[in-house]
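Structure file data-v2.cif (mmCIF, N, CA and C atoms) follows.
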data_protein
loop_
_atom_site.label_atom_id
_atom_site.label_comp_id
_atom_site.auth_asym_id
_atom_site.auth_seq_id
_atom_site.Cartn_x
_atom_site.Cartn_y
_atom_site.Cartn_z
N MET E 1312 34.38 -7.34 -7.16
CA MET E 1312 33.57 -7.19 -5.96
C MET E 1312 32.89 -8.53 -5.66
N ALA E 1313 32.56 -8.72 -4.42
CA ALA E 1313 31.98 -9.98 -3.97
C ALA E 1313 30.56 -10.16 -4.49
N LYS E 1314 30.15 -11.42 -4.53
CA LYS E 1314 28.77 -11.75 -4.91
C LYS E 1314 27.90 -11.67 -3.66
N ILE E 1315 26.67 -11.20 -3.84
CA ILE E 1315 25.72 -11.07 -2.75
C ILE E 1315 24.48 -11.88 -3.11
N LYS E 1316 24.01 -12.67 -2.16
CA LYS E 1316 22.82 -13.48 -2.41
C LYS E 1316 21.58 -12.67 -2.05
N VAL E 1317 20.66 -12.59 -3.01
CA VAL E 1317 19.38 -11.91 -2.78
C VAL E 1317 18.27 -12.93 -2.95
N SER E 1318 17.19 -12.74 -2.21
CA SER E 1318 16.08 -13.68 -2.33
C SER E 1318 14.77 -12.95 -2.08
N VAL E 1319 13.71 -13.56 -2.61
CA VAL E 1319 12.37 -13.01 -2.44
C VAL E 1319 11.38 -14.17 -2.52
N GLN E 1320 10.27 -14.04 -1.80
CA GLN E 1320 9.24 -15.07 -1.87
C GLN E 1320 8.20 -14.71 -2.91
N VAL E 1321 7.91 -15.67 -3.78
CA VAL E 1321 6.92 -15.49 -4.84
C VAL E 1321 6.00 -16.69 -4.82
N ASP E 1322 4.72 -16.46 -4.61
CA ASP E 1322 3.73 -17.53 -4.59
C ASP E 1322 4.12 -18.65 -3.64
N GLY E 1323 4.61 -18.28 -2.45
CA GLY E 1323 4.96 -19.26 -1.43
C GLY E 1323 6.28 -19.97 -1.66
N LYS E 1324 7.03 -19.59 -2.68
CA LYS E 1324 8.30 -20.24 -3.01
C LYS E 1324 9.41 -19.18 -2.96
N THR E 1325 10.54 -19.52 -2.36
CA THR E 1325 11.65 -18.59 -2.27
C THR E 1325 12.53 -18.70 -3.51
N GLU E 1326 12.72 -17.58 -4.18
CA GLU E 1326 13.61 -17.49 -5.34
C GLU E 1326 14.85 -16.73 -4.90
N SER E 1327 16.02 -17.18 -5.34
CA SER E 1327 17.24 -16.47 -4.96
C SER E 1327 18.23 -16.47 -6.11
N ALA E 1328 19.16 -15.53 -6.02
CA ALA E 1328 20.21 -15.40 -7.03
C ALA E 1328 21.41 -14.73 -6.38
N GLU E 1329 22.58 -15.00 -6.93
CA GLU E 1329 23.79 -14.30 -6.51
C GLU E 1329 24.06 -13.21 -7.53
N ILE E 1330 24.21 -11.97 -7.04
CA ILE E 1330 24.46 -10.84 -7.93
C ILE E 1330 25.73 -10.13 -7.48
N SER E 1331 26.30 -9.36 -8.38
CA SER E 1331 27.53 -8.63 -8.06
C SER E 1331 27.23 -7.53 -7.05
N GLY E 1332 28.25 -7.16 -6.32
CA GLY E 1332 28.11 -6.09 -5.35
C GLY E 1332 27.71 -4.78 -6.01
N ASP E 1333 28.22 -4.53 -7.22
CA ASP E 1333 27.88 -3.31 -7.95
C ASP E 1333 26.39 -3.26 -8.26
N LEU E 1334 25.85 -4.37 -8.76
CA LEU E 1334 24.42 -4.42 -9.08
C LEU E 1334 23.59 -4.27 -7.80
N TYR E 1335 24.03 -4.88 -6.72
CA TYR E 1335 23.31 -4.76 -5.45
C TYR E 1335 23.26 -3.30 -5.00
N GLU E 1336 24.39 -2.58 -5.14
CA GLU E 1336 24.42 -1.17 -4.76
C GLU E 1336 23.43 -0.35 -5.59
N ILE E 1337 23.38 -0.61 -6.90
CA ILE E 1337 22.43 0.10 -7.77
C ILE E 1337 21.00 -0.20 -7.33
N LEU E 1338 20.73 -1.47 -7.07
CA LEU E 1338 19.40 -1.90 -6.65
C LEU E 1338 19.03 -1.28 -5.30
N ARG E 1339 19.95 -1.33 -4.35
CA ARG E 1339 19.71 -0.77 -3.02
C ARG E 1339 19.48 0.74 -3.08
N ASP E 1340 20.35 1.45 -3.80
CA ASP E 1340 20.23 2.91 -3.88
C ASP E 1340 18.95 3.32 -4.60
N GLY E 1341 18.62 2.62 -5.69
CA GLY E 1341 17.40 2.94 -6.43
C GLY E 1341 16.15 2.69 -5.61
N ALA E 1342 16.14 1.58 -4.88
CA ALA E 1342 14.99 1.27 -4.03
C ALA E 1342 14.86 2.31 -2.92
N SER E 1343 15.99 2.73 -2.37
CA SER E 1343 15.98 3.74 -1.32
C SER E 1343 15.44 5.07 -1.84
N LEU E 1344 15.89 5.47 -3.02
CA LEU E 1344 15.41 6.73 -3.62
C LEU E 1344 13.91 6.70 -3.87
N ARG E 1345 13.40 5.52 -4.21
CA ARG E 1345 11.97 5.38 -4.51
C ARG E 1345 11.16 5.01 -3.27
N ASN E 1346 11.86 4.89 -2.13
CA ASN E 1346 11.22 4.55 -0.86
C ASN E 1346 10.44 3.24 -0.95
N ARG E 1347 11.06 2.25 -1.59
CA ARG E 1347 10.45 0.93 -1.75
C ARG E 1347 11.48 -0.13 -1.33
N PRO E 1348 11.02 -1.30 -0.91
CA PRO E 1348 11.96 -2.37 -0.55
C PRO E 1348 12.58 -3.01 -1.79
N ILE E 1349 13.81 -3.47 -1.66
CA ILE E 1349 14.50 -4.17 -2.75
C ILE E 1349 13.68 -5.35 -3.23
N GLU E 1350 13.04 -6.05 -2.29
CA GLU E 1350 12.27 -7.24 -2.63
C GLU E 1350 11.18 -6.96 -3.66
N LEU E 1351 10.61 -5.76 -3.64
CA LEU E 1351 9.58 -5.41 -4.61
C LEU E 1351 10.14 -5.51 -6.03
N TYR E 1352 11.33 -5.00 -6.25
CA TYR E 1352 11.91 -5.01 -7.59
C TYR E 1352 12.36 -6.41 -8.00
N LEU E 1353 12.80 -7.21 -7.03
CA LEU E 1353 13.13 -8.60 -7.33
C LEU E 1353 11.85 -9.35 -7.73
N PHE E 1354 10.78 -9.12 -6.98
CA PHE E 1354 9.49 -9.74 -7.27
C PHE E 1354 9.01 -9.36 -8.68
N LEU E 1355 9.09 -8.08 -9.02
CA LEU E 1355 8.65 -7.63 -10.34
C LEU E 1355 9.50 -8.22 -11.46
N ALA E 1356 10.80 -8.37 -11.21
CA ALA E 1356 11.68 -8.99 -12.21
C ALA E 1356 11.29 -10.44 -12.45
N ILE E 1357 10.97 -11.17 -11.38
CA ILE E 1357 10.55 -12.57 -11.53
C ILE E 1357 9.23 -12.64 -12.28
N LYS E 1358 8.28 -11.80 -11.89
CA LYS E 1358 6.97 -11.82 -12.56
C LYS E 1358 7.11 -11.51 -14.05
N ARG E 1359 8.02 -10.61 -14.39
CA ARG E 1359 8.18 -10.21 -15.79
C ARG E 1359 8.94 -11.25 -16.61
N TYR E 1360 10.01 -11.82 -16.05
CA TYR E 1360 10.90 -12.70 -16.82
C TYR E 1360 10.84 -14.17 -16.40
N GLY E 1361 10.18 -14.48 -15.30
CA GLY E 1361 9.99 -15.86 -14.90
C GLY E 1361 11.13 -16.50 -14.13
N VAL E 1362 12.25 -15.80 -14.02
CA VAL E 1362 13.40 -16.35 -13.30
C VAL E 1362 14.20 -15.20 -12.70
N LEU E 1363 14.84 -15.47 -11.58
CA LEU E 1363 15.65 -14.45 -10.93
C LEU E 1363 17.12 -14.77 -11.18
N THR E 1364 17.75 -13.97 -12.01
CA THR E 1364 19.19 -14.08 -12.27
C THR E 1364 19.76 -12.67 -12.31
N GLU E 1365 21.07 -12.58 -12.26
CA GLU E 1365 21.70 -11.27 -12.35
C GLU E 1365 21.32 -10.59 -13.67
N GLU E 1366 21.29 -11.36 -14.74
CA GLU E 1366 20.96 -10.80 -16.05
C GLU E 1366 19.52 -10.27 -16.10
N THR E 1367 18.56 -11.03 -15.58
CA THR E 1367 17.17 -10.55 -15.63
C THR E 1367 16.98 -9.32 -14.74
N ILE E 1368 17.70 -9.25 -13.64
CA ILE E 1368 17.62 -8.06 -12.79
C ILE E 1368 18.18 -6.85 -13.54
N ARG E 1369 19.32 -7.04 -14.21
CA ARG E 1369 19.91 -5.94 -15.00
C ARG E 1369 18.96 -5.47 -16.10
N VAL E 1370 18.38 -6.42 -16.83
CA VAL E 1370 17.45 -6.07 -17.91
C VAL E 1370 16.26 -5.32 -17.34
N PHE E 1371 15.71 -5.81 -16.24
CA PHE E 1371 14.58 -5.14 -15.60
C PHE E 1371 14.94 -3.70 -15.22
N LEU E 1372 16.09 -3.52 -14.60
CA LEU E 1372 16.49 -2.18 -14.18
C LEU E 1372 16.72 -1.27 -15.38
N GLU E 1373 17.30 -1.80 -16.44
CA GLU E 1373 17.53 -0.99 -17.64
C GLU E 1373 16.21 -0.58 -18.29
N GLU E 1374 15.21 -1.44 -18.23
CA GLU E 1374 13.91 -1.12 -18.83
C GLU E 1374 13.09 -0.16 -17.98
N TYR E 1375 13.16 -0.29 -16.66
CA TYR E 1375 12.27 0.47 -15.79
C TYR E 1375 12.93 1.61 -15.03
N TRP E 1376 14.25 1.60 -14.93
CA TRP E 1376 14.95 2.68 -14.27
C TRP E 1376 15.88 3.32 -15.29
N ILE E 1377 16.20 4.56 -15.08
CA ILE E 1377 17.21 5.22 -15.92
C ILE E 1377 18.56 4.96 -15.27
N LEU E 1378 19.37 4.14 -15.94
CA LEU E 1378 20.70 3.80 -15.39
C LEU E 1378 21.78 4.56 -16.12
#

Step by step, read the file and then write its structure as structure tokens.
Amino acid sequence: MAKIKVSVQVDGKTESAEISGDLYEILRDGASLRNRPIELYLFLAIKRYGVLTEETIRVFLEEYWIL
């Protein structure tokens, strides 16, 4: 599946990462179920791990969501 670029602003700086389409679908569907924007979860992943990568997003989702 194609890579999708996601980005979020943190402390006035834009952080971005390319993630797999599968991970994006999980992120999008989970955010929709929780009635929250995707950017919120990207922001929380950066605050928790200090960097936005596909791996940190996966770890964040595994820790905070039931996958």

Review point. Using the chain letters and numbers from this document, which residues of chain E does DSSP assign to alpha helix (DSSP H), as a PyMOL selection string?
Key: chain E and resi 1332-1344+1349-1360+1365-1375

Exercise for review: Taking the file as shown, find all residues satisfying the PyMOL selection byres (((chain E and resi 1367 and name CA) around 12) and name CA) and write them as a VMD selection string.
Suggested key: chain E and resid 1328 to 1330 1334 1352 to 1366 1368 to 1374

Exercise for review: Please write as an MDAnalysis selection string the full residue list that the PyMOL selection byres (((chain E and resi 1313 and name CA) around 12) and name CA) yields on this file.
Suggested key: chainID E and resid 1312 1314:1316 1329:1336

Practice item. Write down as a list in words the residues belonging to chain E that are assigned strand (DSSP E or B) by DSSP computed on the backbone. Key: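 DSSP on the backbone gives strand (DSSP E or B) at Lys1314, Ile1315, Lys1316, Val1317, Ser1318, Val1319, Gln1320, Val1321, Lys1324, Thr1325, Glu1326, Ser1327, Ala1328, Glu1329, Ile1330 and Ser1331 of chain E.
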
Print the selection's residues with N, CA and C atoms to a file, as a PDB file, keeping the file's coordinate frame.
ATOM      1  N   LYS E1314      30.150 -11.420  -4.530  1.00  0.00           N
ATOM      2  CA  LYS E1314      28.770 -11.750  -4.910  1.00  0.00           C
ATOM      3  C   LYS E1314      27.900 -11.670  -3.660  1.00  0.00           C
ATOM      4  N   ILE E1315      26.670 -11.200  -3.840  1.00  0.00           N
ATOM      5  CA  ILE E1315      25.720 -11.070  -2.750  1.00  0.00           C
ATOM      6  C   ILE E1315      24.480 -11.880  -3.110  1.00  0.00           C
ATOM      7  N   LYS E1316      24.010 -12.670  -2.160  1.00  0.00           N
ATOM      8  CA  LYS E1316      22.820 -13.480  -2.410  1.00  0.00           C
ATOM      9  C   LYS E1316      21.580 -12.670  -2.050  1.00  0.00           C
ATOM     10  N   VAL E1317      20.660 -12.590  -3.010  1.00  0.00           N
ATOM     11  CA  VAL E1317      19.380 -11.910  -2.780  1.00  0.00           C
ATOM     12  C   VAL E1317      18.270 -12.930  -2.950  1.00  0.00           C
ATOM     13  N   SER E1318      17.190 -12.740  -2.210  1.00  0.00           N
ATOM     14  CA  SER E1318      16.080 -13.680  -2.330  1.00  0.00           C
ATOM     15  C   SER E1318      14.770 -12.950  -2.080  1.00  0.00           C
ATOM     16  N   VAL E1319      13.710 -13.560  -2.610  1.00  0.00           N
ATOM     17  CA  VAL E1319      12.370 -13.010  -2.440  1.00  0.00           C
ATOM     18  C   VAL E1319      11.380 -14.170  -2.520  1.00  0.00           C
ATOM     19  N   GLN E1320      10.270 -14.040  -1.800  1.00  0.00           N
ATOM     20  CA  GLN E1320       9.240 -15.070  -1.870  1.00  0.00           C
ATOM     21  C   GLN E1320       8.200 -14.710  -2.910  1.00  0.00           C
ATOM     22  N   VAL E1321       7.910 -15.670  -3.780  1.00  0.00           N
ATOM     23  CA  VAL E1321       6.920 -15.490  -4.840  1.00  0.00           C
ATOM     24  C   VAL E1321       6.000 -16.690  -4.820  1.00  0.00           C
ATOM     25  N   LYS E1324       7.030 -19.590  -2.680  1.00  0.00           N
ATOM     26  CA  LYS E1324       8.300 -20.240  -3.010  1.00  0.00           C
ATOM     27  C   LYS E1324       9.410 -19.180  -2.960  1.00  0.00           C
ATOM     28  N   THR E1325      10.540 -19.520  -2.360  1.00  0.00           N
ATOM     29  CA  THR E1325      11.650 -18.590  -2.270  1.00  0.00           C
ATOM     30  C   THR E1325      12.530 -18.700  -3.510  1.00  0.00           C
ATOM     31  N   GLU E1326      12.720 -17.580  -4.180  1.00  0.00           N
ATOM     32  CA  GLU E1326      13.610 -17.490  -5.340  1.00  0.00           C
ATOM     33  C   GLU E1326      14.850 -16.730  -4.900  1.00  0.00           C
ATOM     34  N   SER E1327      16.020 -17.180  -5.340  1.00  0.00           N
ATOM     35  CA  SER E1327      17.240 -16.470  -4.960  1.00  0.00           C
ATOM     36  C   SER E1327      18.230 -16.470  -6.110  1.00  0.00           C
ATOM     37  N   ALA E1328      19.160 -15.530  -6.020  1.00  0.00           N
ATOM     38  CA  ALA E1328      20.210 -15.400  -7.030  1.00  0.00           C
ATOM     39  C   ALA E1328      21.410 -14.730  -6.380  1.00  0.00           C
ATOM     40  N   GLU E1329      22.580 -15.000  -6.930  1.00  0.00           N
ATOM     41  CA  GLU E1329      23.790 -14.300  -6.510  1.00  0.00           C
ATOM     42  C   GLU E1329      24.060 -13.210  -7.530  1.00  0.00           C
ATOM     43  N   ILE E1330      24.210 -11.970  -7.040  1.00  0.00           N
ATOM     44  CA  ILE E1330      24.460 -10.840  -7.930  1.00  0.00           C
ATOM     45  C   ILE E1330      25.730 -10.130  -7.480  1.00  0.00           C
ATOM     46  N   SER E1331      26.300  -9.360  -8.380  1.00  0.00           N
ATOM     47  CA  SER E1331      27.530  -8.630  -8.060  1.00  0.00           C
ATOM     48  C   SER E1331      27.230  -7.530  -7.050  1.00  0.00           C
TER      49      SER E1331
END

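The set of residues that the PyMOL selection byres ((chain E and resi 1318) around 6.5) takes from this file is Lys1316, Val1317, Val1319, Gln1320, Thr1325, Glu1326, Ser1327, Ala1328 and Glu1350 of chain E.
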
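Separating atom C of Lys1324 of chain E from atom N of Pro1348 of chain E is a distance of 18.1 Å.
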
**Study point:** Gap from atom N of Asp1340 of chain E to atom C of Tyr1375 of chain E - Å, one decimal
**Key:** 13.5 Å

Exercise on segment 1345-1349 of chain E, axis-aligned box with 5 Å per side, report centre and edge lengths in Å to one decimal, as lines of an AutoDock Vina configuration file:
center_x = 12.5
center_y = 0.1
center_z = -2.5
size_x = 14.1
size_y = 20.9
size_z = 14.0

Exercise for review: Please measure the separation of atom N of Leu1338 of chain E and atom N of Asp1322 of chain E, giving the value in Å to one decimal.
Suggested key: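 Interatomic distance, atom N of Leu1338 of chain E to atom N of Asp1322 of chain E: 22.1 Å.
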